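Raw contents of input_11.pdb, PDB, C-alpha atoms:
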```
MODEL        1
ATOM      1  CA  MET A  30     117.118 111.938 113.205  1.00  0.00           C
ATOM      2  CA  SER A  31     117.368 108.386 111.890  1.00  0.00           C
ATOM      3  CA  GLY A  32     114.605 106.924 114.064  1.00  0.00           C
ATOM      4  CA  TRP A  33     112.472 106.496 110.954  1.00  0.00           C
ATOM      5  CA  LEU A  34     115.126 104.143 109.584  1.00  0.00           C
ATOM      6  CA  ASP A  35     114.892 101.988 112.702  1.00  0.00           C
ATOM      7  CA  GLU A  36     111.145 101.627 112.202  1.00  0.00           C
ATOM      8  CA  VAL A  37     111.642  99.882 108.872  1.00  0.00           C
ATOM      9  CA  PRO A  38     111.185  96.115 109.297  1.00  0.00           C
ATOM     10  CA  TRP A  39     114.548  95.062 107.844  1.00  0.00           C
ATOM     11  CA  ASN A  40     114.640  91.335 107.161  1.00  0.00           C
ATOM     12  CA  GLY A  41     117.348  88.910 108.293  1.00  0.00           C
ATOM     13  CA  ASP A  42     119.578  90.096 105.448  1.00  0.00           C
ATOM     14  CA  GLY A  43     119.066  93.737 106.381  1.00  0.00           C
ATOM     15  CA  LEU A  44     116.854  94.356 103.357  1.00  0.00           C
ATOM     16  CA  VAL A  45     113.361  95.590 102.673  1.00  0.00           C
ATOM     17  CA  ALA A  46     111.331  95.096  99.490  1.00  0.00           C
ATOM     18  CA  ALA A  47     110.630  98.370  97.692  1.00  0.00           C
ATOM     19  CA  VAL A  48     107.758  98.705  95.249  1.00  0.00           C
ATOM     20  CA  ALA A  49     108.113 101.606  92.822  1.00  0.00           C
ATOM     21  CA  GLN A  50     104.903 103.023  91.395  1.00  0.00           C
ATOM     22  CA  ASP A  51     104.648 105.637  88.681  1.00  0.00           C
ATOM     23  CA  ALA A  52     102.878 108.585  90.276  1.00  0.00           C
ATOM     24  CA  ALA A  53     101.381 109.711  86.975  1.00  0.00           C
ATOM     25  CA  SER A  54     100.194 106.469  85.374  1.00  0.00           C
ATOM     26  CA  GLY A  55      99.714 104.507  88.589  1.00  0.00           C
ATOM     27  CA  ARG A  56     101.558 101.545  87.077  1.00  0.00           C
ATOM     28  CA  VAL A  57     103.662  99.379  89.340  1.00  0.00           C
ATOM     29  CA  LEU A  58     107.077  99.627  87.713  1.00  0.00           C
ATOM     30  CA  THR A  59     109.566  97.589  89.698  1.00  0.00           C
ATOM     31  CA  VAL A  60     110.090  95.607  92.853  1.00  0.00           C
ATOM     32  CA  ALA A  61     113.635  95.790  94.152  1.00  0.00           C
ATOM     33  CA  TRP A  62     115.486  95.669  97.448  1.00  0.00           C
ATOM     34  CA  MET A  63     116.910  98.353  99.699  1.00  0.00           C
ATOM     35  CA  ASN A  64     119.320  98.153 102.582  1.00  0.00           C
ATOM     36  CA  ARG A  65     119.612 100.910 105.155  1.00  0.00           C
ATOM     37  CA  GLU A  66     122.138 102.869 103.120  1.00  0.00           C
ATOM     38  CA  ALA A  67     120.062 102.628  99.942  1.00  0.00           C
ATOM     39  CA  LEU A  68     116.995 103.974 101.730  1.00  0.00           C
ATOM     40  CA  GLU A  69     118.968 106.757 103.360  1.00  0.00           C
ATOM     41  CA  ARG A  70     120.450 107.830 100.032  1.00  0.00           C
ATOM     42  CA  THR A  71     117.049 107.582  98.361  1.00  0.00           C
ATOM     43  CA  VAL A  72     115.680 110.127 100.808  1.00  0.00           C
ATOM     44  CA  GLN A  73     118.752 112.371 100.740  1.00  0.00           C
ATOM     45  CA  ALA A  74     119.067 112.430  96.965  1.00  0.00           C
ATOM     46  CA  GLY A  75     115.358 112.250  96.163  1.00  0.00           C
ATOM     47  CA  GLU A  76     116.212 109.491  93.681  1.00  0.00           C
ATOM     48  CA  ALA A  77     115.683 105.761  94.139  1.00  0.00           C
ATOM     49  CA  HIS A  78     118.718 103.756  95.231  1.00  0.00           C
ATOM     50  CA  TYR A  79     118.586  99.993  95.608  1.00  0.00           C
ATOM     51  CA  TRP A  80     120.713  97.127  96.819  1.00  0.00           C
ATOM     52  CA  SER A  81     121.558  94.703  94.054  1.00  0.00           C
ATOM     53  CA  ARG A  82     121.481  91.226  95.557  1.00  0.00           C
ATOM     54  CA  SER A  83     123.144  89.682  92.524  1.00  0.00           C
ATOM     55  CA  ARG A  84     125.925  92.258  92.208  1.00  0.00           C
ATOM     56  CA  LYS A  85     126.055  92.829  95.976  1.00  0.00           C
ATOM     57  CA  ARG A  86     126.377  96.564  95.681  1.00  0.00           C
ATOM     58  CA  LEU A  87     124.457  99.786  96.053  1.00  0.00           C
ATOM     59  CA  TRP A  88     122.908 100.916  92.845  1.00  0.00           C
ATOM     60  CA  ARG A  89     121.315 104.183  91.791  1.00  0.00           C
ATOM     61  CA  LYS A  90     118.373 103.365  89.545  1.00  0.00           C
ATOM     62  CA  GLY A  91     119.155 104.783  86.117  1.00  0.00           C
ATOM     63  CA  GLU A  92     122.881 105.193  86.738  1.00  0.00           C
ATOM     64  CA  GLU A  93     123.612 103.545  83.388  1.00  0.00           C
ATOM     65  CA  SER A  94     120.451 104.157  81.371  1.00  0.00           C
ATOM     66  CA  GLY A  95     119.852 107.675  82.641  1.00  0.00           C
ATOM     67  CA  ASN A  96     116.291 106.703  83.534  1.00  0.00           C
ATOM     68  CA  VAL A  97     116.374 107.706  87.180  1.00  0.00           C
ATOM     69  CA  GLN A  98     113.375 107.435  89.486  1.00  0.00           C
ATOM     70  CA  LYS A  99     112.651 110.775  91.092  1.00  0.00           C
ATOM     71  CA  VAL A 100     110.996 110.121  94.454  1.00  0.00           C
ATOM     72  CA  LEU A 101     107.762 111.971  95.185  1.00  0.00           C
ATOM     73  CA  GLU A 102     106.597 110.003  98.207  1.00  0.00           C
ATOM     74  CA  LEU A 103     107.712 107.144 100.446  1.00  0.00           C
ATOM     75  CA  ARG A 104     105.251 104.931 102.281  1.00  0.00           C
ATOM     76  CA  LEU A 105     105.696 102.140 104.799  1.00  0.00           C
ATOM     77  CA  ASP A 106     103.316  99.244 105.256  1.00  0.00           C
ATOM     78  CA  CYS A 107     101.742  97.935 108.412  1.00  0.00           C
ATOM     79  CA  ASP A 108     103.533  94.716 109.171  1.00  0.00           C
ATOM     80  CA  ALA A 109     105.105  93.072 106.165  1.00  0.00           C
ATOM     81  CA  ASP A 110     108.519  94.104 104.949  1.00  0.00           C
ATOM     82  CA  ALA A 111     107.821  96.571 102.231  1.00  0.00           C
ATOM     83  CA  ILE A 112     108.159 100.187 101.237  1.00  0.00           C
ATOM     84  CA  LEU A 113     106.203 101.914  98.510  1.00  0.00           C
ATOM     85  CA  ILE A 114     107.888 104.670  96.497  1.00  0.00           C
ATOM     86  CA  ARG A 115     105.810 106.870  94.257  1.00  0.00           C
ATOM     87  CA  VAL A 116     108.128 108.105  91.532  1.00  0.00           C
ATOM     88  CA  GLN A 117     108.481 110.128  88.378  1.00  0.00           C
ATOM     89  CA  GLN A 118     110.087 107.604  86.040  1.00  0.00           C
ATOM     90  CA  GLY A 119     112.766 109.187  83.876  1.00  0.00           C
ATOM     91  CA  GLY A 120     112.394 108.365  80.190  1.00  0.00           C
ATOM     92  CA  GLY A 121     109.153 106.531  80.967  1.00  0.00           C
ATOM     93  CA  ILE A 122     111.156 103.305  81.056  1.00  0.00           C
ATOM     94  CA  ALA A 123     111.758 101.381  84.280  1.00  0.00           C
ATOM     95  CA  CYS A 124     112.654  97.955  82.903  1.00  0.00           C
ATOM     96  CA  HIS A 125     116.054  96.914  81.629  1.00  0.00           C
ATOM     97  CA  THR A 126     114.238  95.326  78.680  1.00  0.00           C
ATOM     98  CA  GLY A 127     113.264  98.818  77.505  1.00  0.00           C
ATOM     99  CA  ARG A 128     109.660  98.577  78.689  1.00  0.00           C
ATOM    100  CA  GLU A 129     107.698 100.964  80.886  1.00  0.00           C
ATOM    101  CA  SER A 130     107.254  98.421  83.688  1.00  0.00           C
ATOM    102  CA  CYS A 131     109.018  95.216  84.693  1.00  0.00           C
ATOM    103  CA  PHE A 132     105.584  93.591  84.960  1.00  0.00           C
ATOM    104  CA  TYR A 133     105.149  93.191  81.214  1.00  0.00           C
ATOM    105  CA  ARG A 134     103.963  89.597  81.230  1.00  0.00           C
ATOM    106  CA  ARG A 135     100.357  88.759  81.933  1.00  0.00           C
ATOM    107  CA  LEU A 136      98.858  85.349  82.731  1.00  0.00           C
ATOM    108  CA  GLU A 137      96.477  84.348  79.947  1.00  0.00           C
ATOM    109  CA  ASN A 138      95.036  80.825  79.780  1.00  0.00           C
ATOM    110  CA  GLY A 139      97.917  79.233  81.623  1.00  0.00           C
ATOM    111  CA  ARG A 140     100.691  81.146  79.841  1.00  0.00           C
ATOM    112  CA  TRP A 141     102.706  84.250  80.661  1.00  0.00           C
ATOM    113  CA  VAL A 142     102.156  86.468  77.646  1.00  0.00           C
ATOM    114  CA  GLU A 143     104.227  89.579  76.880  1.00  0.00           C
ATOM    115  CA  THR A 144     101.666  92.341  76.602  1.00  0.00           C
ATOM    116  CA  ASP A 145     103.774  95.483  76.702  1.00  0.00           C
ATOM    117  CA  PRO A 146     105.834  96.966  73.873  1.00  0.00           C
ATOM    118  CA  VAL A 147     109.574  97.594  74.024  1.00  0.00           C
ATOM    119  CA  LEU A 148     109.806 101.388  73.959  1.00  0.00           C
ATOM    120  CA  LYS A 149     113.535 101.538  73.406  1.00  0.00           C
ATOM    121  CA  ASP A 150     116.108  98.952  72.338  1.00  0.00           C
ATOM    122  CA  PRO A 151     118.052  97.955  75.478  1.00  0.00           C
ATOM    123  CA  ALA A 152     121.235  98.061  73.396  1.00  0.00           C
ATOM    124  CA  LEU A 153     120.675 101.795  72.967  1.00  0.00           C
ATOM    125  CA  LEU A 154     119.568 102.193  76.570  1.00  0.00           C
ATOM    126  CA  TYR A 155     122.831 100.846  77.933  1.00  0.00           C
ATOM    127  CA  ARG A 156     125.203 102.114  75.265  1.00  0.00           C
ATOM    128  CA  LYS A 157     128.209 103.726  76.892  1.00  0.00           C
ATOM    129  CA  LYS A 158     127.864 107.461  76.798  1.00  0.00           C
TER     130      LYS A 158
ATOM    131  CA  MET B   9      99.437  72.813  82.130  1.00  0.00           C
ATOM    132  CA  SER B  10     101.510  74.032  85.089  1.00  0.00           C
ATOM    133  CA  GLY B  11     104.472  75.276  83.071  1.00  0.00           C
ATOM    134  CA  TRP B  12     103.545  78.830  83.986  1.00  0.00           C
ATOM    135  CA  LEU B  13     104.106  77.951  87.648  1.00  0.00           C
ATOM    136  CA  ASP B  14     107.619  76.747  86.854  1.00  0.00           C
ATOM    137  CA  GLU B  15     108.423  80.098  85.256  1.00  0.00           C
ATOM    138  CA  VAL B  16     107.870  81.927  88.540  1.00  0.00           C
ATOM    139  CA  PRO B  17     111.222  82.754  90.163  1.00  0.00           C
ATOM    140  CA  TRP B  18     110.543  81.100  93.524  1.00  0.00           C
ATOM    141  CA  ASN B  19     113.118  82.101  96.118  1.00  0.00           C
ATOM    142  CA  GLY B  20     115.111  79.742  98.337  1.00  0.00           C
ATOM    143  CA  ASP B  21     112.103  79.330 100.627  1.00  0.00           C
ATOM    144  CA  GLY B  22     109.823  78.551  97.690  1.00  0.00           C
ATOM    145  CA  LEU B  23     108.103  81.929  97.936  1.00  0.00           C
ATOM    146  CA  VAL B  24     107.469  84.881  95.671  1.00  0.00           C
ATOM    147  CA  ALA B  25     106.503  88.418  96.732  1.00  0.00           C
ATOM    148  CA  ALA B  26     103.038  89.390  95.555  1.00  0.00           C
ATOM    149  CA  VAL B  27     102.010  93.021  95.209  1.00  0.00           C
ATOM    150  CA  ALA B  28      98.249  93.579  95.229  1.00  0.00           C
ATOM    151  CA  GLN B  29      96.994  96.689  93.474  1.00  0.00           C
ATOM    152  CA  ASP B  30      93.423  97.957  93.470  1.00  0.00           C
ATOM    153  CA  ALA B  31      92.330  97.919  89.850  1.00  0.00           C
ATOM    154  CA  ALA B  32      89.907 100.785  90.351  1.00  0.00           C
ATOM    155  CA  SER B  33      91.839 103.256  92.510  1.00  0.00           C
ATOM    156  CA  GLY B  34      95.307 102.171  91.429  1.00  0.00           C
ATOM    157  CA  ARG B  35      96.457 102.110  95.056  1.00  0.00           C
ATOM    158  CA  VAL B  36      99.009  99.537  96.095  1.00  0.00           C
ATOM    159  CA  LEU B  37      97.179  97.688  98.858  1.00  0.00           C
ATOM    160  CA  THR B  38      99.403  94.940 100.213  1.00  0.00           C
ATOM    161  CA  VAL B  39     102.638  93.095  99.734  1.00  0.00           C
ATOM    162  CA  ALA B  40     102.469  89.480 100.838  1.00  0.00           C
ATOM    163  CA  TRP B  41     104.022  86.141  99.948  1.00  0.00           C
ATOM    164  CA  MET B  42     102.833  83.219  97.881  1.00  0.00           C
ATOM    165  CA  ASN B  43     104.089  79.692  97.625  1.00  0.00           C
ATOM    166  CA  ARG B  44     103.243  77.480  94.679  1.00  0.00           C
ATOM    167  CA  GLU B  45     100.010  76.247  96.186  1.00  0.00           C
ATOM    168  CA  ALA B  46      98.877  79.774  97.068  1.00  0.00           C
ATOM    169  CA  LEU B  47      99.446  80.950  93.507  1.00  0.00           C
ATOM    170  CA  GLU B  48      97.701  77.916  92.044  1.00  0.00           C
ATOM    171  CA  ARG B  49      94.662  78.440  94.269  1.00  0.00           C
ATOM    172  CA  THR B  50      94.663  82.155  93.502  1.00  0.00           C
ATOM    173  CA  VAL B  51      94.288  81.378  89.820  1.00  0.00           C
ATOM    174  CA  GLN B  52      91.817  78.540  90.292  1.00  0.00           C
ATOM    175  CA  ALA B  53      89.565  80.417  92.718  1.00  0.00           C
ATOM    176  CA  GLY B  54      90.048  83.884  91.221  1.00  0.00           C
ATOM    177  CA  GLU B  55      90.692  85.128  94.756  1.00  0.00           C
ATOM    178  CA  ALA B  56      94.044  85.993  96.308  1.00  0.00           C
ATOM    179  CA  HIS B  57      95.619  83.316  98.501  1.00  0.00           C
ATOM    180  CA  TYR B  58      98.875  83.916 100.336  1.00  0.00           C
ATOM    181  CA  TRP B  59     101.381  82.047 102.448  1.00  0.00           C
ATOM    182  CA  SER B  60     101.614  83.407 105.964  1.00  0.00           C
ATOM    183  CA  ARG B  61     105.246  83.259 106.991  1.00  0.00           C
ATOM    184  CA  SER B  62     104.436  83.951 110.645  1.00  0.00           C
ATOM    185  CA  ARG B  63     101.595  81.424 110.918  1.00  0.00           C
ATOM    186  CA  LYS B  64     103.209  79.055 108.425  1.00  0.00           C
ATOM    187  CA  ARG B  65      99.997  78.270 106.639  1.00  0.00           C
ATOM    188  CA  LEU B  66      98.056  79.000 103.487  1.00  0.00           C
ATOM    189  CA  TRP B  67      95.661  81.870 103.898  1.00  0.00           C
ATOM    190  CA  ARG B  68      92.798  83.107 101.780  1.00  0.00           C
ATOM    191  CA  LYS B  69      92.827  86.906 101.950  1.00  0.00           C
ATOM    192  CA  GLY B  70      89.594  87.957 103.632  1.00  0.00           C
ATOM    193  CA  GLU B  71      88.824  84.553 105.120  1.00  0.00           C
ATOM    194  CA  GLU B  72      88.090  86.187 108.481  1.00  0.00           C
ATOM    195  CA  SER B  73      87.157  89.752 107.578  1.00  0.00           C
ATOM    196  CA  GLY B  74      85.182  88.845 104.467  1.00  0.00           C
ATOM    197  CA  ASN B  75      87.227  91.373 102.498  1.00  0.00           C
ATOM    198  CA  VAL B  76      88.442  89.044  99.775  1.00  0.00           C
ATOM    199  CA  GLN B  77      90.598  90.186  96.860  1.00  0.00           C
ATOM    200  CA  LYS B  78      88.967  89.228  93.579  1.00  0.00           C
ATOM    201  CA  VAL B  79      91.718  88.760  91.005  1.00  0.00           C
ATOM    202  CA  LEU B  80      91.347  90.586  87.708  1.00  0.00           C
ATOM    203  CA  GLU B  81      94.867  90.165  86.368  1.00  0.00           C
ATOM    204  CA  LEU B  82      98.170  88.524  87.269  1.00  0.00           C
ATOM    205  CA  ARG B  83     101.498  89.866  86.053  1.00  0.00           C
ATOM    206  CA  LEU B  84     105.048  88.590  86.379  1.00  0.00           C
ATOM    207  CA  ASP B  85     108.120  90.768  86.431  1.00  0.00           C
ATOM    208  CA  CYS B  86     111.278  90.498  84.391  1.00  0.00           C
ATOM    209  CA  ASP B  87     113.891  89.213  86.775  1.00  0.00           C
ATOM    210  CA  ALA B  88     113.200  89.966  90.404  1.00  0.00           C
ATOM    211  CA  ASP B  89     110.969  87.742  92.448  1.00  0.00           C
ATOM    212  CA  ALA B  90     107.612  89.393  92.278  1.00  0.00           C
ATOM    213  CA  ILE B  91     104.085  89.000  91.018  1.00  0.00           C
ATOM    214  CA  LEU B  92     101.602  91.802  90.563  1.00  0.00           C
ATOM    215  CA  ILE B  93      97.909  91.082  91.163  1.00  0.00           C
ATOM    216  CA  ARG B  94      95.329  93.602  90.102  1.00  0.00           C
ATOM    217  CA  VAL B  95      92.315  93.083  92.320  1.00  0.00           C
ATOM    218  CA  GLN B  96      88.858  94.225  93.260  1.00  0.00           C
ATOM    219  CA  GLN B  97      89.216  94.741  97.014  1.00  0.00           C
ATOM    220  CA  GLY B  98      86.157  93.513  98.896  1.00  0.00           C
ATOM    221  CA  GLY B  99      84.835  96.079 101.370  1.00  0.00           C
ATOM    222  CA  GLY B 100      87.418  98.559 100.140  1.00  0.00           C
ATOM    223  CA  ILE B 101      89.632  97.524 103.046  1.00  0.00           C
ATOM    224  CA  ALA B 102      92.847  95.569 102.546  1.00  0.00           C
ATOM    225  CA  CYS B 103      94.638  96.263 105.820  1.00  0.00           C
ATOM    226  CA  HIS B 104      94.028  94.465 109.100  1.00  0.00           C
ATOM    227  CA  THR B 105      94.042  97.897 110.749  1.00  0.00           C
ATOM    228  CA  GLY B 106      90.790  98.697 108.905  1.00  0.00           C
ATOM    229  CA  ARG B 107      92.413 100.946 106.321  1.00  0.00           C
ATOM    230  CA  GLU B 108      92.155 100.821 102.544  1.00  0.00           C
ATOM    231  CA  SER B 109      95.851 100.051 102.061  1.00  0.00           C
ATOM    232  CA  CYS B 110      98.592  98.666 104.276  1.00  0.00           C
ATOM    233  CA  PHE B 111     100.767 101.567 103.114  1.00  0.00           C
ATOM    234  CA  TYR B 112      99.082 104.131 105.350  1.00  0.00           C
ATOM    235  CA  ARG B 113     102.241 105.730 106.705  1.00  0.00           C
ATOM    236  CA  ARG B 114     104.077 108.383 104.756  1.00  0.00           C
ATOM    237  CA  LEU B 115     107.561 109.767 105.378  1.00  0.00           C
ATOM    238  CA  GLU B 116     107.306 113.450 106.293  1.00  0.00           C
ATOM    239  CA  ASN B 117     110.333 115.363 107.586  1.00  0.00           C
ATOM    240  CA  GLY B 118     112.016 112.286 109.015  1.00  0.00           C
ATOM    241  CA  ARG B 119     108.904 110.723 110.529  1.00  0.00           C
ATOM    242  CA  TRP B 120     106.448 108.060 109.390  1.00  0.00           C
ATOM    243  CA  VAL B 121     103.108 109.810 109.644  1.00  0.00           C
ATOM    244  CA  GLU B 122      99.754 108.011 109.503  1.00  0.00           C
ATOM    245  CA  THR B 123      97.933 109.702 106.657  1.00  0.00           C
ATOM    246  CA  ASP B 124      95.012 107.370 105.996  1.00  0.00           C
ATOM    247  CA  PRO B 125      91.806 107.057 108.000  1.00  0.00           C
ATOM    248  CA  VAL B 126      90.600 103.850 109.648  1.00  0.00           C
ATOM    249  CA  LEU B 127      87.493 103.010 107.651  1.00  0.00           C
ATOM    250  CA  LYS B 128      86.261 100.306 109.986  1.00  0.00           C
ATOM    251  CA  ASP B 129      87.176  99.344 113.536  1.00  0.00           C
ATOM    252  CA  PRO B 130      89.306  96.181 113.311  1.00  0.00           C
ATOM    253  CA  ALA B 131      87.379  94.791 116.288  1.00  0.00           C
ATOM    254  CA  LEU B 132      84.277  94.795 114.093  1.00  0.00           C
ATOM    255  CA  LEU B 133      86.227  93.566 111.075  1.00  0.00           C
ATOM    256  CA  TYR B 134      87.376  90.423 112.856  1.00  0.00           C
ATOM    257  CA  ARG B 135      84.354  89.835 115.089  1.00  0.00           C
ATOM    258  CA  LYS B 136      83.312  86.210 114.862  1.00  0.00           C
ATOM    259  CA  LYS B 137      80.289  85.949 112.632  1.00  0.00           C
TER     260      LYS B 137
ENDMDL
END
```
In structure tokens, what does this structure look like?
Amino acid sequence: MSGWLDEVPWNGDGLVAAVAQDAASGRVLTVAWMNREALERTVQAGEAHYWSRSRKRLWRKGEESGNVQKVLELRLDCDADAILIRVQQGGGIACHTGRESCFYRRLENGRWVETDPVLKDPALLYRKK
Amino acid sequence: MSGWLDEVPWNGDGLVAAVAQDAASGRVLTVAWMNREALERTVQAGEAHYWSRSRKRLWRKGEESGNVQKVLELRLDCDADAILIRVQQGGGIACHTGRESCFYRRLENGRWVETDPVLKDPALLYRKK
């Protein structure tokens, strides 16, 4: 039953990079990391779970902000160490800065320029409910 | 002039994950790695260059197959270690298996199922010219 988990090319730290893409807009929202448990829970719950390398703990995307990533499809690549998740992004906001995507800076003439608007003040996003 | 390179969150090995997305179809094509030199050349040449961790050398995407990735846009994410490149994929084939995208396997009922067709026989793709 868990053979599909063994086929994932876990790296030396037991992690795999996971790219989340908004299924509706096609935008690449986030790149984060999963361990085996995070991937298993992602599939079971139908919501993206990641491994936080800084906090060293499992983390359900949106557990604080409410902006969960509902999983529509999971894809595995040929030989690198990556998974692609096509998601429905709750609240339309994937980034902790309150933006749609974490990739909100664009290289323009040798500078990273912020091109995307803040849709919601992060202070409101993470206010204790 | 190279301040933008210093802003990239290089990991302990001096690498950053680079997600290539087809600008026309929106499909996520590949996830590969760049070192500083690869990123610099990518910007200078306007074509994706990566660092091959297995071969331990710089590598111009498409150098053998001819299917280069013309760079339309580079984006940096908020805090992880990733770059997003929006590209025009030469030949419409990004994967060494002859498929459009490296993410050609989809999780279906506990199995990774190949969902995408081989567009060109890899033997022809890598035939010496």
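Residues matching the ChimeraX specification (/A :<7) & /B in this structure come to Met9, Trp12, Gly34, Val39, Ala40, Leu82, Arg83, Leu84, Asp85, Cys86, Ala88, Ala90, Cys110, Phe111, Tyr112, Arg113, Arg114, Leu115, Gly118, Arg119 and Trp120 of chain B.
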Residue subset to file, keeping C-alpha atoms, as an mmCIF file, in the coordinates of the input:
```
data_model
loop_
_atom_site.group_PDB
_atom_site.id
_atom_site.type_symbol
_atom_site.label_atom_id
_atom_site.label_comp_id
_atom_site.auth_asym_id
_atom_site.auth_seq_id
_atom_site.Cartn_x
_atom_site.Cartn_y
_atom_site.Cartn_z
ATOM 1 C CA MET B 9 99.437 72.813 82.130
ATOM 2 C CA TRP B 12 103.545 78.830 83.986
ATOM 3 C CA GLY B 34 95.307 102.171 91.429
ATOM 4 C CA VAL B 39 102.638 93.095 99.734
ATOM 5 C CA ALA B 40 102.469 89.480 100.838
ATOM 6 C CA LEU B 82 98.170 88.524 87.269
ATOM 7 C CA ARG B 83 101.498 89.866 86.053
ATOM 8 C CA LEU B 84 105.048 88.590 86.379
ATOM 9 C CA ASP B 85 108.120 90.768 86.431
ATOM 10 C CA CYS B 86 111.278 90.498 84.391
ATOM 11 C CA ALA B 88 113.200 89.966 90.404
ATOM 12 C CA ALA B 90 107.612 89.393 92.278
ATOM 13 C CA CYS B 110 98.592 98.666 104.276
ATOM 14 C CA PHE B 111 100.767 101.567 103.114
ATOM 15 C CA TYR B 112 99.082 104.131 105.350
ATOM 16 C CA ARG B 113 102.241 105.730 106.705
ATOM 17 C CA ARG B 114 104.077 108.383 104.756
ATOM 18 C CA LEU B 115 107.561 109.767 105.378
ATOM 19 C CA GLY B 118 112.016 112.286 109.015
ATOM 20 C CA ARG B 119 108.904 110.723 110.529
ATOM 21 C CA TRP B 120 106.448 108.060 109.390
#
```
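Here CA of Gly54 in chain B is placed at a distance of 5.2 Å from CA of Val79 in chain B.
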Evaluate the PyMOL selection byres ((chain A and resi 147-154) around 6) on the structure here and hand back the selected residues as a ChimeraX atom specification. /A:94,126-128,146,155-156
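In this structure, CA of Glu93 in chain A sits 22.3 Å away from CA of Arg65 in chain A.
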For the file shown, what are the residues hit by the PyMOL selection byres ((chain B and resi 98) around 7), laid out as a CSV table (one decimal) with C-alpha atoms, in the frame of the given file?
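Below is the file that was written, selection26.csv:
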```
chain,number,residue,atom,x,y,z
B,75,ASN,CA,87.2,91.4,102.5
B,76,VAL,CA,88.4,89.0,99.8
B,77,GLN,CA,90.6,90.2,96.9
B,96,GLN,CA,88.9,94.2,93.3
B,97,GLN,CA,89.2,94.7,97.0
B,99,GLY,CA,84.8,96.1,101.4
B,100,GLY,CA,87.4,98.6,100.1
B,101,ILE,CA,89.6,97.5,103.0
```
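Coordinates place CA of Trp67 in chain B at a distance of 7.8 Å from CA of Ala46 in chain B.
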Extending 8 Å beyond the listed atoms of range 76-79 of chain B on each side, what axis-aligned box results? I want centre and edge lengths in Å to one decimal, as AutoDock Vina command-line options.
```
--center_x 90.1 --center_y 89.5 --center_z 95.4 --size_x 19.3 --size_y 17.4 --size_z 24.8
```
Determine, counting all atoms listed in the file, which protein, DNA and RNA residues have an atom within 8 Å of an atom of Trp39 in chain A; residues of the same chain fewer than 4 positions away are not included. Present the result as a ChimeraX atom specification.
-> /A:43-45,64,110
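In terms of minimum interatomic distance to Asp42 in chain A, A:Lys85 ranks closest within A:Lys85, A:Arg70, A:Lys99, A:Lys90, counting all atoms listed in the file.
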